file structure.pdb (PDB, C-alpha atoms and all ligand atoms)
ATOM      1  CA  MET V   1      -5.283 -30.089  -8.081
ATOM      2  CA  GLU V   2      -2.905 -28.535  -5.632
ATOM      3  CA  ASN V   3      -3.667 -25.076  -4.429
ATOM      4  CA  ILE V   4      -0.388 -23.258  -3.870
ATOM      5  CA  ASP V   5      -0.576 -19.834  -2.284
ATOM      6  CA  ARG V   6       1.408 -17.281  -4.183
ATOM      7  CA  VAL V   7       3.912 -15.437  -2.054
ATOM      8  CA  ILE V   8       4.715 -11.966  -3.308
ATOM      9  CA  ASP V   9       7.198  -9.447  -1.946
ATOM     10  CA  CYS V  10       5.532  -6.356  -0.546
ATOM     11  CA  GLU V  11       6.701  -3.340  -2.539
ATOM     12  CA  ASN V  12       6.744  -1.171   0.555
ATOM     13  CA  CYS V  13       8.535  -3.218   3.224
ATOM     14  CA  GLY V  14       9.914  -6.035   1.043
ATOM     15  CA  THR V  15       8.504  -8.798   3.192
ATOM     16  CA  PRO V  16       7.222 -11.833   1.267
ATOM     17  CA  SER V  17       3.531 -12.311   1.969
ATOM     18  CA  ASP V  18       0.635 -14.346   0.647
ATOM     19  CA  GLU V  19      -1.766 -11.603   1.719
ATOM     20  CA  VAL V  20      -1.073  -8.662  -0.551
ATOM     21  CA  VAL V  21      -3.368  -6.105  -2.128
ATOM     22  CA  ARG V  22      -3.053  -3.454  -4.806
ATOM     23  CA  VAL V  23      -2.932   0.036  -3.325
ATOM     24  CA  LEU V  24      -2.234   3.621  -4.185
ATOM     25  CA  ARG V  25       0.304   5.198  -1.880
ATOM     26  CA  VAL V  26      -0.908   8.337  -0.125
ATOM     27  CA  TYR V  27       1.389  11.098   1.024
ATOM     28  CA  LEU V  28       0.073  13.107   3.931
ATOM     29  CA  THR V  29       1.679  16.439   4.668
ATOM     30  CA  PRO V  30       0.916  17.791   8.119
ATOM     31  CA  GLU V  31      -0.244  21.329   8.518
ATOM     32  CA  ALA V  32       2.508  23.884   9.026
ATOM     33  CA  TRP V  33       2.476  27.548   9.960
ATOM     34  CA  ASP V  34       2.573  28.574   6.287
ATOM     35  CA  THR V  35       0.862  25.647   4.522
ATOM     36  CA  PRO V  36      -2.378  23.773   5.101
ATOM     37  CA  ALA V  37      -2.352  20.015   5.494
ATOM     38  CA  SER V  38      -2.456  18.185   2.184
ATOM     39  CA  ARG V  39      -3.095  14.705   0.922
ATOM     40  CA  ARG V  40      -1.573  13.460  -2.308
ATOM     41  CA  VAL V  41      -2.426  10.117  -3.893
ATOM     42  CA  LEU V  42       0.165   8.612  -6.225
ATOM     43  CA  GLU V  43      -1.116   7.359  -9.578
ATOM     44  CA  ASP V  44       0.989   4.204  -9.880
ATOM     45  CA  PRO V  45      -0.458   1.203  -8.045
ATOM     46  CA  GLU V  46       1.836  -0.739  -5.725
ATOM     47  CA  ILE V  47       1.486  -4.140  -4.108
ATOM     48  CA  TRP V  48       1.546  -4.008  -0.342
ATOM     49  CA  CYS V  49       1.165  -6.537   2.432
ATOM     50  CA  ILE V  50      -1.686  -6.345   4.914
ATOM     51  CA  SER V  51       0.451  -4.922   7.714
ATOM     52  CA  CYS V  52       1.698  -2.055   5.550
ATOM     53  CA  ILE V  53      -1.808  -0.883   4.717
ATOM     54  CA  THR V  54      -2.578  -0.708   8.412
ATOM     55  CA  LEU V  55       0.632   1.186   9.161
ATOM     56  CA  TYR V  56       0.877   3.631   6.277
ATOM     57  CA  PRO V  57      -1.659   5.862   4.541
ATOM     58  CA  SER V  58      -2.903   4.239   1.356
ATOM     59  CA  GLU V  59      -5.988   3.633  -0.732
ATOM     60  CA  VAL V  60      -6.768  -0.006  -1.367
ATOM     61  CA  ILE V  61      -7.749  -0.657  -4.981
ATOM     62  CA  GLY V  62      -8.429  -4.355  -4.618
ATOM     63  CA  PRO V  63      -6.901  -7.808  -4.723
ATOM     64  CA  ILE V  64      -4.060  -8.575  -7.117
ATOM     65  CA  GLU V  65      -4.908 -10.675 -10.140
TER      66      GLU V  65
HETATM   67 ZN    ZN Q   1       4.650  -4.557   3.584
END
call {"tool": "encode", "arguments": {"input": "structure.pdb", "output": "structure tokens"}}
result
Amino acid sequence: MENIDRVIDCENCGTPSDEVVRVLRVYLTPEAWDTPASRRVLEDPEIWCISCITLYPSEVIGPIE
């Protein structure tokens, strides 16, 4: 049986990758003079490549099915 790696487009940068994971995107708001820093986690999972999760704030849920 042939084992063909699935290549999936990253939903963040659009690059096709065979190393993608399911993540929740995190929005970080830096502290300002009138507001404290905040961290907001989106509820809808996205599929990101490995380089995006090292470059952008996110919470890894796990591998895609
Ligand atoms: Zn990416």
call {"tool": "closest_atom_pairs", "arguments": {"input": "structure.pdb", "of": "chain V", "to": "ligand ZN 1 (chain Q)", "cutoff": "9 Å", "atoms": "all atoms listed in the file", "output": "tab-separated table"}}
result
residue	atom	partner	partner_atom	distance
V:Asp9	CA	Q:ZN1	ZN	7.8
V:Cys10	CA	Q:ZN1	ZN	4.6
V:Glu11	CA	Q:ZN1	ZN	6.6
V:Asn12	CA	Q:ZN1	ZN	5.0
V:Cys13	CA	Q:ZN1	ZN	4.1
V:Gly14	CA	Q:ZN1	ZN	6.0
V:Thr15	CA	Q:ZN1	ZN	5.7
V:Pro16	CA	Q:ZN1	ZN	8.1
V:Ser17	CA	Q:ZN1	ZN	8.0
V:Val20	CA	Q:ZN1	ZN	8.2
V:Ile47	CA	Q:ZN1	ZN	8.3
V:Trp48	CA	Q:ZN1	ZN	5.0
V:Cys49	CA	Q:ZN1	ZN	4.2
V:Ile50	CA	Q:ZN1	ZN	6.7
V:Ser51	CA	Q:ZN1	ZN	5.9
V:Cys52	CA	Q:ZN1	ZN	4.3
V:Ile53	CA	Q:ZN1	ZN	7.5
V:Leu55	CA	Q:ZN1	ZN	9.0
call {"tool": "resolve_selection", "arguments": {"input": "structure.pdb", "expression": "the PyMOL selection byres (((chain V and resi 25) around 9) and not hetatm)", "output": "list in words"}}
result
Val23, Leu24, Val26, Tyr27, Arg40, Val41, Leu42, Glu43, Asp44, Pro45, Glu46, Tyr56, Pro57, Ser58, Glu59 and Val60 of chain V
call {"tool": "residues_around", "arguments": {"input": "structure.pdb", "residues": "Pro63 (chain V)", "least_positions_apart": "2", "cutoff": "7 Å", "atoms": "only C-alpha atoms", "output": "PyMOL selection string"}}
result
chain V and resi 21-22+65
call {"tool": "atom_distance", "arguments": {"input": "structure.pdb", "atom1": "CA of Ile61 (chain V)", "atom2": "CA of Ala37 (chain V)"}}
result
23.8 Å
call {"tool": "atom_distance", "arguments": {"input": "structure.pdb", "atom1": "CA of Gly62 (chain V)", "atom2": "CA of Thr29 (chain V)"}}
result
24.9 Å
call {"tool": "closest_residue", "arguments": {"input": "structure.pdb", "among": "V:Glu31, V:Thr54, V:Arg6, V:Ser38", "to": "Glu19 (chain V)", "atoms": "all atoms listed in the file"}}
result
V:Arg6
call {"tool": "axis_aligned_box", "arguments": {"input": "structure.pdb", "around": "region 42-55 of chain V", "padding_each_side": "3 Å", "output": "AutoDock Vina command-line options"}}
result
--center_x -0.4 --center_y 1.0 --center_z -0.4 --size_x 10.4 --size_y 21.1 --size_z 25.0
call {"tool": "build_atoms", "arguments": {"input": "structure.pdb", "residues": "region 8-39 of chain V", "atoms": "N, CA and C atoms", "output": "PDB file, keeping the file's coordinate frame"}}
result
ATOM      1  N   ILE V   8       4.223 -13.111  -2.555  1.00  0.00           N
ATOM      2  CA  ILE V   8       4.715 -11.966  -3.308  1.00  0.00           C
ATOM      3  C   ILE V   8       5.386 -10.993  -2.356  1.00  0.00           C
ATOM      4  N   ASP V   9       6.510 -10.428  -2.777  1.00  0.00           N
ATOM      5  CA  ASP V   9       7.198  -9.447  -1.946  1.00  0.00           C
ATOM      6  C   ASP V   9       6.400  -8.146  -1.908  1.00  0.00           C
ATOM      7  N   CYS V  10       6.164  -7.663  -0.725  1.00  0.00           N
ATOM      8  CA  CYS V  10       5.532  -6.356  -0.546  1.00  0.00           C
ATOM      9  C   CYS V  10       6.451  -5.282  -1.128  1.00  0.00           C
ATOM     10  N   GLU V  11       5.876  -4.366  -1.910  1.00  0.00           N
ATOM     11  CA  GLU V  11       6.701  -3.340  -2.539  1.00  0.00           C
ATOM     12  C   GLU V  11       7.032  -2.196  -1.583  1.00  0.00           C
ATOM     13  N   ASN V  12       6.451  -2.221  -0.414  1.00  0.00           N
ATOM     14  CA  ASN V  12       6.744  -1.171   0.555  1.00  0.00           C
ATOM     15  C   ASN V  12       7.795  -1.617   1.567  1.00  0.00           C
ATOM     16  N   CYS V  13       7.605  -2.771   2.192  1.00  0.00           N
ATOM     17  CA  CYS V  13       8.535  -3.218   3.224  1.00  0.00           C
ATOM     18  C   CYS V  13       9.418  -4.366   2.742  1.00  0.00           C
ATOM     19  N   GLY V  14       9.082  -4.984   1.596  1.00  0.00           N
ATOM     20  CA  GLY V  14       9.914  -6.035   1.043  1.00  0.00           C
ATOM     21  C   GLY V  14       9.700  -7.408   1.638  1.00  0.00           C
ATOM     22  N   THR V  15       8.750  -7.511   2.556  1.00  0.00           N
ATOM     23  CA  THR V  15       8.504  -8.798   3.192  1.00  0.00           C
ATOM     24  C   THR V  15       7.648  -9.683   2.287  1.00  0.00           C
ATOM     25  N   PRO V  16       8.070 -10.929   2.044  1.00  0.00           N
ATOM     26  CA  PRO V  16       7.222 -11.833   1.267  1.00  0.00           C
ATOM     27  C   PRO V  16       5.941 -12.141   2.025  1.00  0.00           C
ATOM     28  N   SER V  17       4.814 -12.081   1.316  1.00  0.00           N
ATOM     29  CA  SER V  17       3.531 -12.311   1.969  1.00  0.00           C
ATOM     30  C   SER V  17       2.576 -12.962   0.986  1.00  0.00           C
ATOM     31  N   ASP V  18       1.674 -13.806   1.518  1.00  0.00           N
ATOM     32  CA  ASP V  18       0.635 -14.346   0.647  1.00  0.00           C
ATOM     33  C   ASP V  18      -0.656 -13.548   0.799  1.00  0.00           C
ATOM     34  N   GLU V  19      -0.612 -12.494   1.588  1.00  0.00           N
ATOM     35  CA  GLU V  19      -1.766 -11.603   1.719  1.00  0.00           C
ATOM     36  C   GLU V  19      -1.344 -10.214   1.263  1.00  0.00           C
ATOM     37  N   VAL V  20      -1.454  -9.975  -0.024  1.00  0.00           N
ATOM     38  CA  VAL V  20      -1.073  -8.662  -0.551  1.00  0.00           C
ATOM     39  C   VAL V  20      -2.250  -8.082  -1.330  1.00  0.00           C
ATOM     40  N   VAL V  21      -2.301  -6.779  -1.378  1.00  0.00           N
ATOM     41  CA  VAL V  21      -3.368  -6.105  -2.128  1.00  0.00           C
ATOM     42  C   VAL V  21      -2.742  -4.975  -2.944  1.00  0.00           C
ATOM     43  N   ARG V  22      -3.499  -4.552  -3.955  1.00  0.00           N
ATOM     44  CA  ARG V  22      -3.053  -3.454  -4.806  1.00  0.00           C
ATOM     45  C   ARG V  22      -3.509  -2.139  -4.159  1.00  0.00           C
ATOM     46  N   VAL V  23      -2.595  -1.230  -3.994  1.00  0.00           N
ATOM     47  CA  VAL V  23      -2.932   0.036  -3.325  1.00  0.00           C
ATOM     48  C   VAL V  23      -2.337   1.216  -4.090  1.00  0.00           C
ATOM     49  N   LEU V  24      -2.866   2.378  -3.777  1.00  0.00           N
ATOM     50  CA  LEU V  24      -2.234   3.621  -4.185  1.00  0.00           C
ATOM     51  C   LEU V  24      -1.631   4.250  -2.932  1.00  0.00           C
ATOM     52  N   ARG V  25      -0.358   4.584  -3.021  1.00  0.00           N
ATOM     53  CA  ARG V  25       0.304   5.198  -1.880  1.00  0.00           C
ATOM     54  C   ARG V  25      -0.214   6.631  -1.691  1.00  0.00           C
ATOM     55  N   VAL V  26      -0.417   6.998  -0.439  1.00  0.00           N
ATOM     56  CA  VAL V  26      -0.908   8.337  -0.125  1.00  0.00           C
ATOM     57  C   VAL V  26       0.153   9.066   0.690  1.00  0.00           C
ATOM     58  N   TYR V  27       0.471  10.274   0.252  1.00  0.00           N
ATOM     59  CA  TYR V  27       1.389  11.098   1.024  1.00  0.00           C
ATOM     60  C   TYR V  27       0.584  12.141   1.785  1.00  0.00           C
ATOM     61  N   LEU V  28       0.739  12.119   3.091  1.00  0.00           N
ATOM     62  CA  LEU V  28       0.073  13.107   3.931  1.00  0.00           C
ATOM     63  C   LEU V  28       1.108  14.121   4.391  1.00  0.00           C
ATOM     64  N   THR V  29       0.797  15.387   4.186  1.00  0.00           N
ATOM     65  CA  THR V  29       1.679  16.439   4.668  1.00  0.00           C
ATOM     66  C   THR V  29       0.975  17.145   5.814  1.00  0.00           C
ATOM     67  N   PRO V  30       1.587  17.142   6.993  1.00  0.00           N
ATOM     68  CA  PRO V  30       0.916  17.791   8.119  1.00  0.00           C
ATOM     69  C   PRO V  30       0.857  19.306   7.925  1.00  0.00           C
ATOM     70  N   GLU V  31      -0.088  19.884   8.572  1.00  0.00           N
ATOM     71  CA  GLU V  31      -0.244  21.329   8.518  1.00  0.00           C
ATOM     72  C   GLU V  31       0.985  22.015   9.106  1.00  0.00           C
ATOM     73  N   ALA V  32       1.408  23.099   8.485  1.00  0.00           N
ATOM     74  CA  ALA V  32       2.508  23.884   9.026  1.00  0.00           C
ATOM     75  C   ALA V  32       2.050  25.327   9.148  1.00  0.00           C
ATOM     76  N   TRP V  33       2.921  26.172   9.722  1.00  0.00           N
ATOM     77  CA  TRP V  33       2.476  27.548   9.960  1.00  0.00           C
ATOM     78  C   TRP V  33       2.150  28.277   8.664  1.00  0.00           C
ATOM     79  N   ASP V  34       2.800  27.864   7.546  1.00  0.00           N
ATOM     80  CA  ASP V  34       2.573  28.574   6.287  1.00  0.00           C
ATOM     81  C   ASP V  34       1.833  27.752   5.239  1.00  0.00           C
ATOM     82  N   THR V  35       1.564  26.467   5.515  1.00  0.00           N
ATOM     83  CA  THR V  35       0.862  25.647   4.522  1.00  0.00           C
ATOM     84  C   THR V  35      -0.217  24.808   5.205  1.00  0.00           C
ATOM     85  N   PRO V  36      -1.345  24.664   4.556  1.00  0.00           N
ATOM     86  CA  PRO V  36      -2.378  23.773   5.101  1.00  0.00           C
ATOM     87  C   PRO V  36      -1.980  22.313   4.912  1.00  0.00           C
ATOM     88  N   ALA V  37      -2.604  21.448   5.663  1.00  0.00           N
ATOM     89  CA  ALA V  37      -2.352  20.015   5.494  1.00  0.00           C
ATOM     90  C   ALA V  37      -2.788  19.589   4.099  1.00  0.00           C
ATOM     91  N   SER V  38      -2.066  18.652   3.514  1.00  0.00           N
ATOM     92  CA  SER V  38      -2.456  18.185   2.184  1.00  0.00           C
ATOM     93  C   SER V  38      -2.357  16.675   2.110  1.00  0.00           C
ATOM     94  N   ARG V  39      -3.031  16.152   1.107  1.00  0.00           N
ATOM     95  CA  ARG V  39      -3.095  14.705   0.922  1.00  0.00           C
ATOM     96  C   ARG V  39      -2.912  14.451  -0.562  1.00  0.00           C
TER      97      ARG V  39
END
